[in-house]
Structure formats: structure tokens, C-alpha cells
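Here the structure comes first, spelled out in C-alpha cells, and everything after it is commentary.
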Amino acid sequence: MKKILFVCLGNICRSPMAEGVMLRLIQEAGLEKEIKVDSAGTAAYHEGELPDSRMRSHASRRGYQLTHRSRPVTTDDFYDFDLIIGMDDQNINNLYKYAPSVETSQKIHRMTDYCVNMSTDHVPDPYYGGSSGFEYVIDLLEDACAGLLDSLRKE
Ligand code: 4NP
């Protein structure tokens with residue numbers, strides 16, 4: 001069993017979207033018993049909220065129903081999960097600060113390092129932008145999650 005935690009700032013746009021994309025790929029591959037996914041934020045501003053309505057609406061156009069409730073990253077997450085995947089430099093720097101040990105900090109990875117077809121070093125925060133930003137986030141996450149699933153299958 002591999003447990004993966006996707007992390008962004010507010011846990012209402014990028015990381016719940018990554019969770020939704022990865023969940024669908026896992027279900028399509030019949031790997032529900034082998035891989036578990038969750039998401040969290042480095043900040044607790046939106047704790048308990050559903051994903052941003054714009055993110056949910058762009059997601060639903062591609063057939064994803066996002067039902068995660070925002071929650072902050074906890075110290076336990078560093079022990080409970082095998083991979084902790086941040087979206088941008090700020091998320092990754094904060095995860096390194098929160099990691100309770102050197103061993104657990106080795107679980108931190110960058111989402112875009114799993115991209116196969118797209119080439120960039122971060123998943124940009126779409127919160128203050130327009131609809132093209134939300135579409136770009138889903139494009140990136142679909143590419144990166146496919147690469148992540150491939151890398152898990154090779155293990
Ligand atoms: P996320 O986007 O980190 O992808 O969930 C954001 C959500 C909320 C805020 C910033 C980014 N905010 O400032 O409230």
C-alpha cells in the first residue's frame with residue numbers, strides 16, 4: 001500500500017484537484033487497494049471548506065467531482081504518508097520546515113517532476129487569476145498524475 005498526500009497552500013484548488021485526478025487514474029487501473037490519496041494545505045485559512053467553486057466547475061467539465069474538505073498538513077502526515085507532493089516552491093519550503101525529521105523530509109517531492117509531456121517547475125496558484133489558469137492547472141495535473149502512476153507501477 002502506497003499513501004500519497006498532495007499539498008498546496010489553501011487545499012481548495014490545486015491539491016484537491018490533484019487528488020481527484022489521481023483517484024480517477026487509480027480507479028481506472030483497479031489499484032484502489034494498492035494506492036490511497038489525500039490532500040492538505042500548508043495554511044488553514046479554508047479548513048472544512050469544499051474546493052473553490054471555480055475549481056469544482058472546471059473539474060466537473062472534465063468529469064471530476066471534488067468532495068474533499070480542506071484541512072491543514074499535520075505532523076502525523078509525515079509518518080502516515082509515503083509521498084508528500086507539493087505544487088510550488090513555497091509549498092515545498094514550508095513542508096521542509098514542518099517535517100519532524102530528516103527521514104520524513106525525504107518523502108517530500110515536487111508535482112511537476114512527474115510530468116511527462118509538459119515542462120515546467122511548478123503548478124501555479126490559480127486563485128487570483130482567470131479561467132485559463134484553472135484549465136492549465138488541470139492540464140498539468142493530468143500529465144503529472146499519469147507520470148506519478150507510471151513511476152509507482154515501475155516500483
Ligand atoms: P490553492 O489555492 O493553494 O491551490 O488551494 C489558494 C487558495 C486560497 C488562497 C490562496 C491560494 N488564499 O489566499 O486564500
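Identifiers for the C-alpha cells are assigned positionally: chains receive A, B, ... in sequence, residues are indexed from 1 per chain, and ligands are indexed from 1 in the order shown.
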
**OP:** Excluding stretch 126-129 of chain A and any residue of its chain fewer than 2 positions from it, enumerate the residues within 10 Å of it, using only C-alpha atoms, and give them as number ranges by chain.
**Re:** A: 10, 12-14, 52, 54-55, 123-124, 131-137

Suppose we keep N, CA, C and O atoms; can you now write the selection as a PDB file, in the first residue's frame?
```pdb
ATOM      1  N   GLY A  10      -3.838  26.516   0.126  1.00  0.00           N
ATOM      2  CA  GLY A  10      -5.148  26.581   0.781  1.00  0.00           C
ATOM      3  C   GLY A  10      -5.906  25.266   0.817  1.00  0.00           C
ATOM      4  O   GLY A  10      -6.922  25.150   1.491  1.00  0.00           O
ATOM      5  N   ILE A  12      -7.762  24.165  -1.466  1.00  0.00           N
ATOM      6  CA  ILE A  12      -9.090  24.312  -2.093  1.00  0.00           C
ATOM      7  C   ILE A  12      -9.003  24.360  -3.620  1.00  0.00           C
ATOM      8  O   ILE A  12     -10.037  24.367  -4.280  1.00  0.00           O
ATOM      9  N   CYS A  13      -7.789  24.438  -4.194  1.00  0.00           N
ATOM     10  CA  CYS A  13      -7.679  24.459  -5.664  1.00  0.00           C
ATOM     11  C   CYS A  13      -6.785  23.319  -6.150  1.00  0.00           C
ATOM     12  O   CYS A  13      -7.276  22.269  -6.595  1.00  0.00           O
ATOM     13  N   ARG A  14      -5.473  23.506  -6.068  1.00  0.00           N
ATOM     14  CA  ARG A  14      -4.558  22.561  -6.743  1.00  0.00           C
ATOM     15  C   ARG A  14      -4.512  21.175  -6.122  1.00  0.00           C
ATOM     16  O   ARG A  14      -4.609  20.169  -6.839  1.00  0.00           O
ATOM     17  N   ASP A  52     -12.702  25.350  -4.016  1.00  0.00           N
ATOM     18  CA  ASP A  52     -13.175  26.600  -4.619  1.00  0.00           C
ATOM     19  C   ASP A  52     -14.198  26.284  -5.732  1.00  0.00           C
ATOM     20  O   ASP A  52     -13.997  25.364  -6.523  1.00  0.00           O
ATOM     21  N   ARG A  54     -14.865  27.700  -8.475  1.00  0.00           N
ATOM     22  CA  ARG A  54     -14.331  27.750  -9.850  1.00  0.00           C
ATOM     23  C   ARG A  54     -13.565  26.463 -10.161  1.00  0.00           C
ATOM     24  O   ARG A  54     -13.662  25.901 -11.256  1.00  0.00           O
ATOM     25  N   MET A  55     -12.810  25.983  -9.182  1.00  0.00           N
ATOM     26  CA  MET A  55     -12.058  24.731  -9.395  1.00  0.00           C
ATOM     27  C   MET A  55     -13.027  23.572  -9.607  1.00  0.00           C
ATOM     28  O   MET A  55     -12.843  22.751 -10.496  1.00  0.00           O
ATOM     29  N   VAL A 123       3.231  24.070 -10.249  1.00  0.00           N
ATOM     30  CA  VAL A 123       1.811  24.191 -10.604  1.00  0.00           C
ATOM     31  C   VAL A 123       1.362  25.537 -10.039  1.00  0.00           C
ATOM     32  O   VAL A 123       1.310  25.723  -8.820  1.00  0.00           O
ATOM     33  N   PRO A 124       1.084  26.532 -10.903  1.00  0.00           N
ATOM     34  CA  PRO A 124       0.817  27.889 -10.400  1.00  0.00           C
ATOM     35  C   PRO A 124      -0.518  27.989  -9.671  1.00  0.00           C
ATOM     36  O   PRO A 124      -1.483  27.319 -10.024  1.00  0.00           O
ATOM     37  N   SER A 131     -10.123  31.961 -15.779  1.00  0.00           N
ATOM     38  CA  SER A 131     -10.428  30.544 -16.035  1.00  0.00           C
ATOM     39  C   SER A 131      -9.324  29.796 -16.744  1.00  0.00           C
ATOM     40  O   SER A 131      -9.175  28.591 -16.519  1.00  0.00           O
ATOM     41  N   SER A 132      -8.493  30.498 -17.560  1.00  0.00           N
ATOM     42  CA  SER A 132      -7.430  29.754 -18.251  1.00  0.00           C
ATOM     43  C   SER A 132      -6.445  29.171 -17.236  1.00  0.00           C
ATOM     44  O   SER A 132      -5.868  28.106 -17.465  1.00  0.00           O
ATOM     45  N   GLY A 133      -6.268  29.841 -16.095  1.00  0.00           N
ATOM     46  CA  GLY A 133      -5.376  29.335 -15.051  1.00  0.00           C
ATOM     47  C   GLY A 133      -5.876  28.025 -14.459  1.00  0.00           C
ATOM     48  O   GLY A 133      -5.083  27.121 -14.183  1.00  0.00           O
ATOM     49  N   PHE A 134      -7.190  27.918 -14.297  1.00  0.00           N
ATOM     50  CA  PHE A 134      -7.756  26.680 -13.757  1.00  0.00           C
ATOM     51  C   PHE A 134      -7.609  25.535 -14.766  1.00  0.00           C
ATOM     52  O   PHE A 134      -7.306  24.401 -14.409  1.00  0.00           O
ATOM     53  N   GLU A 135      -7.837  25.860 -16.051  1.00  0.00           N
ATOM     54  CA  GLU A 135      -7.678  24.829 -17.086  1.00  0.00           C
ATOM     55  C   GLU A 135      -6.222  24.354 -17.161  1.00  0.00           C
ATOM     56  O   GLU A 135      -5.953  23.154 -17.295  1.00  0.00           O
ATOM     57  N   TYR A 136      -5.291  25.310 -17.061  1.00  0.00           N
ATOM     58  CA  TYR A 136      -3.866  24.962 -17.122  1.00  0.00           C
ATOM     59  C   TYR A 136      -3.484  24.064 -15.936  1.00  0.00           C
ATOM     60  O   TYR A 136      -2.734  23.098 -16.096  1.00  0.00           O
ATOM     61  N   VAL A 137      -4.025  24.368 -14.743  1.00  0.00           N
ATOM     62  CA  VAL A 137      -3.751  23.534 -13.565  1.00  0.00           C
ATOM     63  C   VAL A 137      -4.216  22.092 -13.823  1.00  0.00           C
ATOM     64  O   VAL A 137      -3.486  21.133 -13.536  1.00  0.00           O
TER      65      VAL A 137
END
```

Give me, as a PDB file with N, CA, C and O atoms, in the first residue's frame, the set of residues whose atoms come within 12 Å of any atom of ligand 1, counting only C-alpha atoms and all ligand atoms.
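Output saved as result-v8.pdb:
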```
ATOM      1  N   PHE A   6      -1.142  15.058  -1.468  1.00  0.00           N
ATOM      2  CA  PHE A   6      -0.889  16.226  -2.309  1.00  0.00           C
ATOM      3  C   PHE A   6      -1.071  17.479  -1.455  1.00  0.00           C
ATOM      4  O   PHE A   6      -2.053  17.579  -0.698  1.00  0.00           O
ATOM      5  N   VAL A   7      -0.145  18.426  -1.617  1.00  0.00           N
ATOM      6  CA  VAL A   7      -0.163  19.614  -0.757  1.00  0.00           C
ATOM      7  C   VAL A   7      -0.049  20.899  -1.587  1.00  0.00           C
ATOM      8  O   VAL A   7       0.816  21.007  -2.468  1.00  0.00           O
ATOM      9  N   CYS A   8      -0.943  21.869  -1.280  1.00  0.00           N
ATOM     10  CA  CYS A   8      -0.799  23.226  -1.831  1.00  0.00           C
ATOM     11  C   CYS A   8      -0.964  24.210  -0.680  1.00  0.00           C
ATOM     12  O   CYS A   8      -0.792  23.824   0.487  1.00  0.00           O
ATOM     13  N   LEU A   9      -1.288  25.447  -0.970  1.00  0.00           N
ATOM     14  CA  LEU A   9      -1.397  26.446   0.110  1.00  0.00           C
ATOM     15  C   LEU A   9      -2.737  26.329   0.851  1.00  0.00           C
ATOM     16  O   LEU A   9      -2.778  26.048   2.052  1.00  0.00           O
ATOM     17  N   GLY A  10      -3.838  26.516   0.126  1.00  0.00           N
ATOM     18  CA  GLY A  10      -5.148  26.581   0.781  1.00  0.00           C
ATOM     19  C   GLY A  10      -5.906  25.266   0.817  1.00  0.00           C
ATOM     20  O   GLY A  10      -6.922  25.150   1.491  1.00  0.00           O
ATOM     21  N   ASN A  11      -5.449  24.276   0.043  1.00  0.00           N
ATOM     22  CA  ASN A  11      -6.141  22.976  -0.094  1.00  0.00           C
ATOM     23  C   ASN A  11      -7.584  23.157  -0.595  1.00  0.00           C
ATOM     24  O   ASN A  11      -8.486  22.430  -0.195  1.00  0.00           O
ATOM     25  N   ILE A  12      -7.762  24.165  -1.466  1.00  0.00           N
ATOM     26  CA  ILE A  12      -9.090  24.312  -2.093  1.00  0.00           C
ATOM     27  C   ILE A  12      -9.003  24.360  -3.620  1.00  0.00           C
ATOM     28  O   ILE A  12     -10.037  24.367  -4.280  1.00  0.00           O
ATOM     29  N   CYS A  13      -7.789  24.438  -4.194  1.00  0.00           N
ATOM     30  CA  CYS A  13      -7.679  24.459  -5.664  1.00  0.00           C
ATOM     31  C   CYS A  13      -6.785  23.319  -6.150  1.00  0.00           C
ATOM     32  O   CYS A  13      -7.276  22.269  -6.595  1.00  0.00           O
ATOM     33  N   ARG A  14      -5.473  23.506  -6.068  1.00  0.00           N
ATOM     34  CA  ARG A  14      -4.558  22.561  -6.743  1.00  0.00           C
ATOM     35  C   ARG A  14      -4.512  21.175  -6.122  1.00  0.00           C
ATOM     36  O   ARG A  14      -4.609  20.169  -6.839  1.00  0.00           O
ATOM     37  N   SER A  15      -4.338  21.098  -4.795  1.00  0.00           N
ATOM     38  CA  SER A  15      -4.153  19.750  -4.221  1.00  0.00           C
ATOM     39  C   SER A  15      -5.426  18.906  -4.222  1.00  0.00           C
ATOM     40  O   SER A  15      -5.337  17.698  -4.487  1.00  0.00           O
ATOM     41  N   PRO A  16      -6.638  19.472  -3.972  1.00  0.00           N
ATOM     42  CA  PRO A  16      -7.813  18.603  -4.112  1.00  0.00           C
ATOM     43  C   PRO A  16      -8.041  18.191  -5.565  1.00  0.00           C
ATOM     44  O   PRO A  16      -8.568  17.101  -5.832  1.00  0.00           O
ATOM     45  N   MET A  17      -7.619  19.064  -6.510  1.00  0.00           N
ATOM     46  CA  MET A  17      -7.712  18.693  -7.929  1.00  0.00           C
ATOM     47  C   MET A  17      -6.758  17.538  -8.234  1.00  0.00           C
ATOM     48  O   MET A  17      -7.120  16.582  -8.924  1.00  0.00           O
ATOM     49  N   ALA A  18      -5.531  17.617  -7.696  1.00  0.00           N
ATOM     50  CA  ALA A  18      -4.563  16.523  -7.898  1.00  0.00           C
ATOM     51  C   ALA A  18      -5.118  15.225  -7.317  1.00  0.00           C
ATOM     52  O   ALA A  18      -5.006  14.151  -7.937  1.00  0.00           O
ATOM     53  N   GLU A  19      -5.739  15.336  -6.142  1.00  0.00           N
ATOM     54  CA  GLU A  19      -6.325  14.148  -5.506  1.00  0.00           C
ATOM     55  C   GLU A  19      -7.417  13.547  -6.410  1.00  0.00           C
ATOM     56  O   GLU A  19      -7.473  12.331  -6.604  1.00  0.00           O
ATOM     57  N   SER A  39      -5.313  14.993   0.390  1.00  0.00           N
ATOM     58  CA  SER A  39      -4.672  16.287   0.138  1.00  0.00           C
ATOM     59  C   SER A  39      -4.801  17.161   1.375  1.00  0.00           C
ATOM     60  O   SER A  39      -5.655  16.916   2.238  1.00  0.00           O
ATOM     61  N   ALA A  40      -3.940  18.179   1.431  1.00  0.00           N
ATOM     62  CA  ALA A  40      -3.905  19.081   2.592  1.00  0.00           C
ATOM     63  C   ALA A  40      -3.264  20.397   2.168  1.00  0.00           C
ATOM     64  O   ALA A  40      -2.660  20.492   1.092  1.00  0.00           O
ATOM     65  N   GLY A  41      -3.396  21.415   3.049  1.00  0.00           N
ATOM     66  CA  GLY A  41      -2.819  22.727   2.764  1.00  0.00           C
ATOM     67  C   GLY A  41      -1.765  23.095   3.790  1.00  0.00           C
ATOM     68  O   GLY A  41      -1.821  22.632   4.933  1.00  0.00           O
ATOM     69  N   THR A  42      -0.818  23.940   3.389  1.00  0.00           N
ATOM     70  CA  THR A  42       0.168  24.419   4.372  1.00  0.00           C
ATOM     71  C   THR A  42      -0.455  25.503   5.252  1.00  0.00           C
ATOM     72  O   THR A  42       0.095  25.843   6.295  1.00  0.00           O
ATOM     73  N   ALA A  43      -1.596  26.069   4.829  1.00  0.00           N
ATOM     74  CA  ALA A  43      -2.316  27.061   5.640  1.00  0.00           C
ATOM     75  C   ALA A  43      -3.717  26.525   5.942  1.00  0.00           C
ATOM     76  O   ALA A  43      -4.244  25.708   5.184  1.00  0.00           O
ATOM     77  N   ALA A  44      -4.293  27.008   7.036  1.00  0.00           N
ATOM     78  CA  ALA A  44      -5.605  26.502   7.472  1.00  0.00           C
ATOM     79  C   ALA A  44      -6.735  27.480   7.187  1.00  0.00           C
ATOM     80  O   ALA A  44      -7.833  27.310   7.690  1.00  0.00           O
ATOM     81  N   TYR A  45      -6.476  28.490   6.301  1.00  0.00           N
ATOM     82  CA  TYR A  45      -7.489  29.545   6.086  1.00  0.00           C
ATOM     83  C   TYR A  45      -8.856  28.980   5.698  1.00  0.00           C
ATOM     84  O   TYR A  45      -9.870  29.587   5.977  1.00  0.00           O
ATOM     85  N   HIS A  46      -8.858  27.883   4.971  1.00  0.00           N
ATOM     86  CA  HIS A  46     -10.120  27.389   4.395  1.00  0.00           C
ATOM     87  C   HIS A  46     -10.552  26.059   5.002  1.00  0.00           C
ATOM     88  O   HIS A  46     -11.317  25.316   4.396  1.00  0.00           O
ATOM     89  N   GLU A  47     -10.072  25.782   6.217  1.00  0.00           N
ATOM     90  CA  GLU A  47     -10.339  24.484   6.847  1.00  0.00           C
ATOM     91  C   GLU A  47     -11.840  24.166   6.831  1.00  0.00           C
ATOM     92  O   GLU A  47     -12.667  25.007   7.181  1.00  0.00           O
ATOM     93  N   GLU A  49     -13.731  23.656   4.268  1.00  0.00           N
ATOM     94  CA  GLU A  49     -14.452  24.065   3.049  1.00  0.00           C
ATOM     95  C   GLU A  49     -14.270  23.055   1.920  1.00  0.00           C
ATOM     96  O   GLU A  49     -13.231  22.399   1.812  1.00  0.00           O
ATOM     97  N   LEU A  50     -15.285  23.017   1.051  1.00  0.00           N
ATOM     98  CA  LEU A  50     -15.162  22.282  -0.208  1.00  0.00           C
ATOM     99  C   LEU A  50     -14.174  23.024  -1.104  1.00  0.00           C
ATOM    100  O   LEU A  50     -13.899  24.204  -0.867  1.00  0.00           O
ATOM    101  N   PRO A  51     -13.653  22.384  -2.161  1.00  0.00           N
ATOM    102  CA  PRO A  51     -12.802  23.124  -3.096  1.00  0.00           C
ATOM    103  C   PRO A  51     -13.515  24.372  -3.641  1.00  0.00           C
ATOM    104  O   PRO A  51     -14.750  24.422  -3.710  1.00  0.00           O
ATOM    105  N   ASP A  52     -12.702  25.350  -4.016  1.00  0.00           N
ATOM    106  CA  ASP A  52     -13.175  26.600  -4.619  1.00  0.00           C
ATOM    107  C   ASP A  52     -14.198  26.284  -5.732  1.00  0.00           C
ATOM    108  O   ASP A  52     -13.997  25.364  -6.523  1.00  0.00           O
ATOM    109  N   SER A  53     -15.280  27.082  -5.789  1.00  0.00           N
ATOM    110  CA  SER A  53     -16.364  26.780  -6.740  1.00  0.00           C
ATOM    111  C   SER A  53     -15.859  26.819  -8.186  1.00  0.00           C
ATOM    112  O   SER A  53     -16.328  26.058  -9.033  1.00  0.00           O
ATOM    113  N   ARG A  54     -14.865  27.700  -8.475  1.00  0.00           N
ATOM    114  CA  ARG A  54     -14.331  27.750  -9.850  1.00  0.00           C
ATOM    115  C   ARG A  54     -13.565  26.463 -10.161  1.00  0.00           C
ATOM    116  O   ARG A  54     -13.662  25.901 -11.256  1.00  0.00           O
ATOM    117  N   MET A  55     -12.810  25.983  -9.182  1.00  0.00           N
ATOM    118  CA  MET A  55     -12.058  24.731  -9.395  1.00  0.00           C
ATOM    119  C   MET A  55     -13.027  23.572  -9.607  1.00  0.00           C
ATOM    120  O   MET A  55     -12.843  22.751 -10.496  1.00  0.00           O
ATOM    121  N   ARG A  56     -14.106  23.552  -8.800  1.00  0.00           N
ATOM    122  CA  ARG A  56     -15.075  22.452  -8.937  1.00  0.00           C
ATOM    123  C   ARG A  56     -15.776  22.510 -10.283  1.00  0.00           C
ATOM    124  O   ARG A  56     -16.061  21.481 -10.890  1.00  0.00           O
ATOM    125  N   HIS A  68     -13.532  16.692  -1.468  1.00  0.00           N
ATOM    126  CA  HIS A  68     -12.608  16.828  -0.333  1.00  0.00           C
ATOM    127  C   HIS A  68     -12.948  18.080   0.484  1.00  0.00           C
ATOM    128  O   HIS A  68     -13.375  19.091  -0.056  1.00  0.00           O
ATOM    129  N   ARG A  69     -12.703  18.019   1.782  1.00  0.00           N
ATOM    130  CA  ARG A  69     -12.842  19.199   2.658  1.00  0.00           C
ATOM    131  C   ARG A  69     -11.445  19.645   3.068  1.00  0.00           C
ATOM    132  O   ARG A  69     -10.635  18.826   3.517  1.00  0.00           O
ATOM    133  N   SER A  70     -11.179  20.928   2.935  1.00  0.00           N
ATOM    134  CA  SER A  70      -9.844  21.472   3.208  1.00  0.00           C
ATOM    135  C   SER A  70      -9.385  21.171   4.635  1.00  0.00           C
ATOM    136  O   SER A  70     -10.166  21.286   5.589  1.00  0.00           O
ATOM    137  N   ARG A  71      -8.121  20.807   4.734  1.00  0.00           N
ATOM    138  CA  ARG A  71      -7.524  20.591   6.068  1.00  0.00           C
ATOM    139  C   ARG A  71      -6.050  20.962   6.010  1.00  0.00           C
ATOM    140  O   ARG A  71      -5.416  20.858   4.957  1.00  0.00           O
ATOM    141  N   PRO A  72      -5.476  21.393   7.136  1.00  0.00           N
ATOM    142  CA  PRO A  72      -4.051  21.698   7.131  1.00  0.00           C
ATOM    143  C   PRO A  72      -3.197  20.435   7.255  1.00  0.00           C
ATOM    144  O   PRO A  72      -3.651  19.413   7.795  1.00  0.00           O
ATOM    145  N   GLY A  86       4.301  18.524  -3.132  1.00  0.00           N
ATOM    146  CA  GLY A  86       3.959  19.941  -3.156  1.00  0.00           C
ATOM    147  C   GLY A  86       3.850  20.467  -4.575  1.00  0.00           C
ATOM    148  O   GLY A  86       4.414  19.900  -5.514  1.00  0.00           O
ATOM    149  N   MET A  87       3.125  21.596  -4.705  1.00  0.00           N
ATOM    150  CA  MET A  87       2.834  22.147  -6.034  1.00  0.00           C
ATOM    151  C   MET A  87       3.827  23.215  -6.479  1.00  0.00           C
ATOM    152  O   MET A  87       4.016  23.426  -7.671  1.00  0.00           O
ATOM    153  N   ASP A  88       4.397  23.959  -5.507  1.00  0.00           N
ATOM    154  CA  ASP A  88       5.309  25.045  -5.893  1.00  0.00           C
ATOM    155  C   ASP A  88       6.403  25.205  -4.833  1.00  0.00           C
ATOM    156  O   ASP A  88       6.394  24.506  -3.803  1.00  0.00           O
ATOM    157  N   ASP A  89       7.332  26.136  -5.067  1.00  0.00           N
ATOM    158  CA  ASP A  89       8.473  26.328  -4.150  1.00  0.00           C
ATOM    159  C   ASP A  89       8.009  26.647  -2.734  1.00  0.00           C
ATOM    160  O   ASP A  89       8.577  26.157  -1.761  1.00  0.00           O
ATOM    161  N   GLN A  90       6.989  27.510  -2.643  1.00  0.00           N
ATOM    162  CA  GLN A  90       6.511  27.919  -1.311  1.00  0.00           C
ATOM    163  C   GLN A  90       5.979  26.708  -0.541  1.00  0.00           C
ATOM    164  O   GLN A  90       6.302  26.512   0.635  1.00  0.00           O
ATOM    165  N   ASN A  91       5.171  25.875  -1.203  1.00  0.00           N
ATOM    166  CA  ASN A  91       4.645  24.669  -0.534  1.00  0.00           C
ATOM    167  C   ASN A  91       5.794  23.775  -0.082  1.00  0.00           C
ATOM    168  O   ASN A  91       5.798  23.264   1.042  1.00  0.00           O
ATOM    169  N   HIS A 122       6.601  24.246 -11.634  1.00  0.00           N
ATOM    170  CA  HIS A 122       5.605  24.377 -10.565  1.00  0.00           C
ATOM    171  C   HIS A 122       4.188  24.391 -11.129  1.00  0.00           C
ATOM    172  O   HIS A 122       3.994  24.677 -12.313  1.00  0.00           O
ATOM    173  N   VAL A 123       3.231  24.070 -10.249  1.00  0.00           N
ATOM    174  CA  VAL A 123       1.811  24.191 -10.604  1.00  0.00           C
ATOM    175  C   VAL A 123       1.362  25.537 -10.039  1.00  0.00           C
ATOM    176  O   VAL A 123       1.310  25.723  -8.820  1.00  0.00           O
ATOM    177  N   PRO A 124       1.084  26.532 -10.903  1.00  0.00           N
ATOM    178  CA  PRO A 124       0.817  27.889 -10.400  1.00  0.00           C
ATOM    179  C   PRO A 124      -0.518  27.989  -9.671  1.00  0.00           C
ATOM    180  O   PRO A 124      -1.483  27.319 -10.024  1.00  0.00           O
ATOM    181  N   ASP A 125      -0.519  28.861  -8.677  1.00  0.00           N
ATOM    182  CA  ASP A 125      -1.725  29.122  -7.889  1.00  0.00           C
ATOM    183  C   ASP A 125      -2.761  29.815  -8.776  1.00  0.00           C
ATOM    184  O   ASP A 125      -2.500  30.914  -9.274  1.00  0.00           O
ATOM    185  N   PRO A 126      -3.928  29.217  -8.993  1.00  0.00           N
ATOM    186  CA  PRO A 126      -4.924  29.828  -9.897  1.00  0.00           C
ATOM    187  C   PRO A 126      -5.877  30.775  -9.183  1.00  0.00           C
ATOM    188  O   PRO A 126      -6.739  31.385  -9.813  1.00  0.00           O
ATOM    189  N   TYR A 127      -5.722  30.934  -7.864  1.00  0.00           N
ATOM    190  CA  TYR A 127      -6.751  31.570  -7.022  1.00  0.00           C
ATOM    191  C   TYR A 127      -7.095  32.996  -7.460  1.00  0.00           C
ATOM    192  O   TYR A 127      -8.257  33.367  -7.466  1.00  0.00           O
ATOM    193  N   TYR A 128      -6.080  33.791  -7.800  1.00  0.00           N
ATOM    194  CA  TYR A 128      -6.340  35.192  -8.135  1.00  0.00           C
ATOM    195  C   TYR A 128      -6.412  35.444  -9.643  1.00  0.00           C
ATOM    196  O   TYR A 128      -6.476  36.585 -10.079  1.00  0.00           O
ATOM    197  N   GLY A 129      -6.412  34.371 -10.430  1.00  0.00           N
ATOM    198  CA  GLY A 129      -6.419  34.528 -11.884  1.00  0.00           C
ATOM    199  C   GLY A 129      -7.767  34.164 -12.504  1.00  0.00           C
ATOM    200  O   GLY A 129      -8.769  34.033 -11.812  1.00  0.00           O
ATOM    201  N   GLY A 133      -6.268  29.841 -16.095  1.00  0.00           N
ATOM    202  CA  GLY A 133      -5.376  29.335 -15.051  1.00  0.00           C
ATOM    203  C   GLY A 133      -5.876  28.025 -14.459  1.00  0.00           C
ATOM    204  O   GLY A 133      -5.083  27.121 -14.183  1.00  0.00           O
ATOM    205  N   PHE A 134      -7.190  27.918 -14.297  1.00  0.00           N
ATOM    206  CA  PHE A 134      -7.756  26.680 -13.757  1.00  0.00           C
ATOM    207  C   PHE A 134      -7.609  25.535 -14.766  1.00  0.00           C
ATOM    208  O   PHE A 134      -7.306  24.401 -14.409  1.00  0.00           O
ATOM    209  N   VAL A 137      -4.025  24.368 -14.743  1.00  0.00           N
ATOM    210  CA  VAL A 137      -3.751  23.534 -13.565  1.00  0.00           C
ATOM    211  C   VAL A 137      -4.216  22.092 -13.823  1.00  0.00           C
ATOM    212  O   VAL A 137      -3.486  21.133 -13.536  1.00  0.00           O
ATOM    213  N   ILE A 138      -5.404  21.936 -14.398  1.00  0.00           N
ATOM    214  CA  ILE A 138      -5.898  20.561 -14.642  1.00  0.00           C
ATOM    215  C   ILE A 138      -5.038  19.880 -15.699  1.00  0.00           C
ATOM    216  O   ILE A 138      -4.691  18.704 -15.559  1.00  0.00           O
ATOM    217  N   LEU A 141      -1.884  18.787 -13.978  1.00  0.00           N
ATOM    218  CA  LEU A 141      -2.101  17.706 -13.010  1.00  0.00           C
ATOM    219  C   LEU A 141      -2.436  16.393 -13.704  1.00  0.00           C
ATOM    220  O   LEU A 141      -2.032  15.319 -13.234  1.00  0.00           O
TER     221      LEU A 141
END
```

**OP:** Would you mind listing what lies within 6 Å of A:Leu5 as an MDAnalysis selection string, with only C-alpha atoms counted and same-chain residues fewer than 5 positions away left out?
**Re:** chainID A and resid 37:39 84

**OP:** Within 10 Å of A:Thr120, counting only C-alpha atoms, which residues show up once you throw out same-chain ones fewer than 6 positions away? Write them as a list in words, please.
**Re:**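 Once the nearby chain positions are removed, what remains is Thr112, Asp113 and Leu140 of chain A.
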
Original post:
What does the distance from atom CA of A:Ser60 to atom CA of A:Asp150 come to in Å, to one decimal?
Top reply: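 It comes out at 24.6 Å.
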
**OP:** List every residue of chain A that DSSP, applied to the backbone of this structure, assigns to strand (DSSP E), and report them as a ChimeraX atom specification.
**Re:** /A:2-8,35-41,83-86,108-110

Restricting it to N, CA and C atoms, dump the selection as a short mmCIF file (atom, residue, chain, number, x, y, z; two decimals), in the first residue's frame.
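Written out: selection.cif:
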```cif
data_model
loop_
_atom_site.label_atom_id
_atom_site.label_comp_id
_atom_site.auth_asym_id
_atom_site.auth_seq_id
_atom_site.Cartn_x
_atom_site.Cartn_y
_atom_site.Cartn_z
N LYS A 2 0.65 2.12 -0.99
CA LYS A 2 1.35 3.41 -1.04
C LYS A 2 0.35 4.50 -0.68
N LYS A 3 0.76 5.41 0.15
CA LYS A 3 -0.13 6.51 0.54
C LYS A 3 0.49 7.84 0.09
N ILE A 4 -0.30 8.59 -0.67
CA ILE A 4 0.21 9.83 -1.28
C ILE A 4 -0.61 11.02 -0.77
N LEU A 5 0.10 12.06 -0.34
CA LEU A 5 -0.56 13.30 0.10
C LEU A 5 -0.16 14.43 -0.83
N PHE A 6 -1.14 15.06 -1.47
CA PHE A 6 -0.89 16.23 -2.31
C PHE A 6 -1.07 17.48 -1.46
N VAL A 7 -0.14 18.43 -1.62
CA VAL A 7 -0.16 19.61 -0.76
C VAL A 7 -0.05 20.90 -1.59
N CYS A 8 -0.94 21.87 -1.28
CA CYS A 8 -0.80 23.23 -1.83
C CYS A 8 -0.96 24.21 -0.68
N ILE A 35 -3.12 1.87 -3.73
CA ILE A 35 -2.72 3.29 -3.62
C ILE A 35 -3.85 4.10 -3.00
N LYS A 36 -3.52 4.85 -1.96
CA LYS A 36 -4.50 5.75 -1.32
C LYS A 36 -4.03 7.19 -1.51
N VAL A 37 -4.97 8.11 -1.69
CA VAL A 37 -4.61 9.51 -1.87
C VAL A 37 -5.41 10.42 -0.93
N ASP A 38 -4.80 11.54 -0.59
CA ASP A 38 -5.45 12.55 0.22
C ASP A 38 -4.80 13.89 -0.16
N SER A 39 -5.31 14.99 0.39
CA SER A 39 -4.67 16.29 0.14
C SER A 39 -4.80 17.16 1.37
N ALA A 40 -3.94 18.18 1.43
CA ALA A 40 -3.90 19.08 2.59
C ALA A 40 -3.26 20.40 2.17
N GLY A 41 -3.40 21.41 3.05
CA GLY A 41 -2.82 22.73 2.76
C GLY A 41 -1.77 23.09 3.79
N LEU A 83 4.52 9.44 0.23
CA LEU A 83 4.95 10.53 -0.65
C LEU A 83 4.14 11.76 -0.29
N ILE A 84 4.82 12.90 -0.15
CA ILE A 84 4.16 14.17 0.17
C ILE A 84 4.56 15.12 -0.95
N ILE A 85 3.58 15.48 -1.78
CA ILE A 85 3.90 16.12 -3.06
C ILE A 85 3.39 17.56 -3.09
N GLY A 86 4.30 18.52 -3.13
CA GLY A 86 3.96 19.94 -3.16
C GLY A 86 3.85 20.47 -4.58
N ILE A 108 9.22 14.30 0.71
CA ILE A 108 8.72 15.50 0.02
C ILE A 108 9.18 15.49 -1.44
N HIS A 109 8.23 15.70 -2.34
CA HIS A 109 8.53 15.72 -3.77
C HIS A 109 7.79 16.89 -4.42
N ARG A 110 8.13 17.11 -5.71
CA ARG A 110 7.56 18.23 -6.47
C ARG A 110 6.63 17.65 -7.54
#
```

Subject >> Option closest in space to A:Gly63, from A:Glu34, A:Phe81, A:Thr75, A:Arg24 [counting only C-alpha atoms] >> reply: A:Arg24

Subject >> Atom pair atom CA of A:Lys107 / atom CA of A:Ala59: separation (Å) >> reply: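 These atoms are spaced 27.6 Å apart.
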
**OP:** Would you please give, as number ranges by chain, all residues of chain A that DSSP assigns to helix (DSSP H, G or I) based on the backbone?
**Re:** A: 14-28, 53-61, 75-80, 89-98, 102-105, 111-114, 131-154
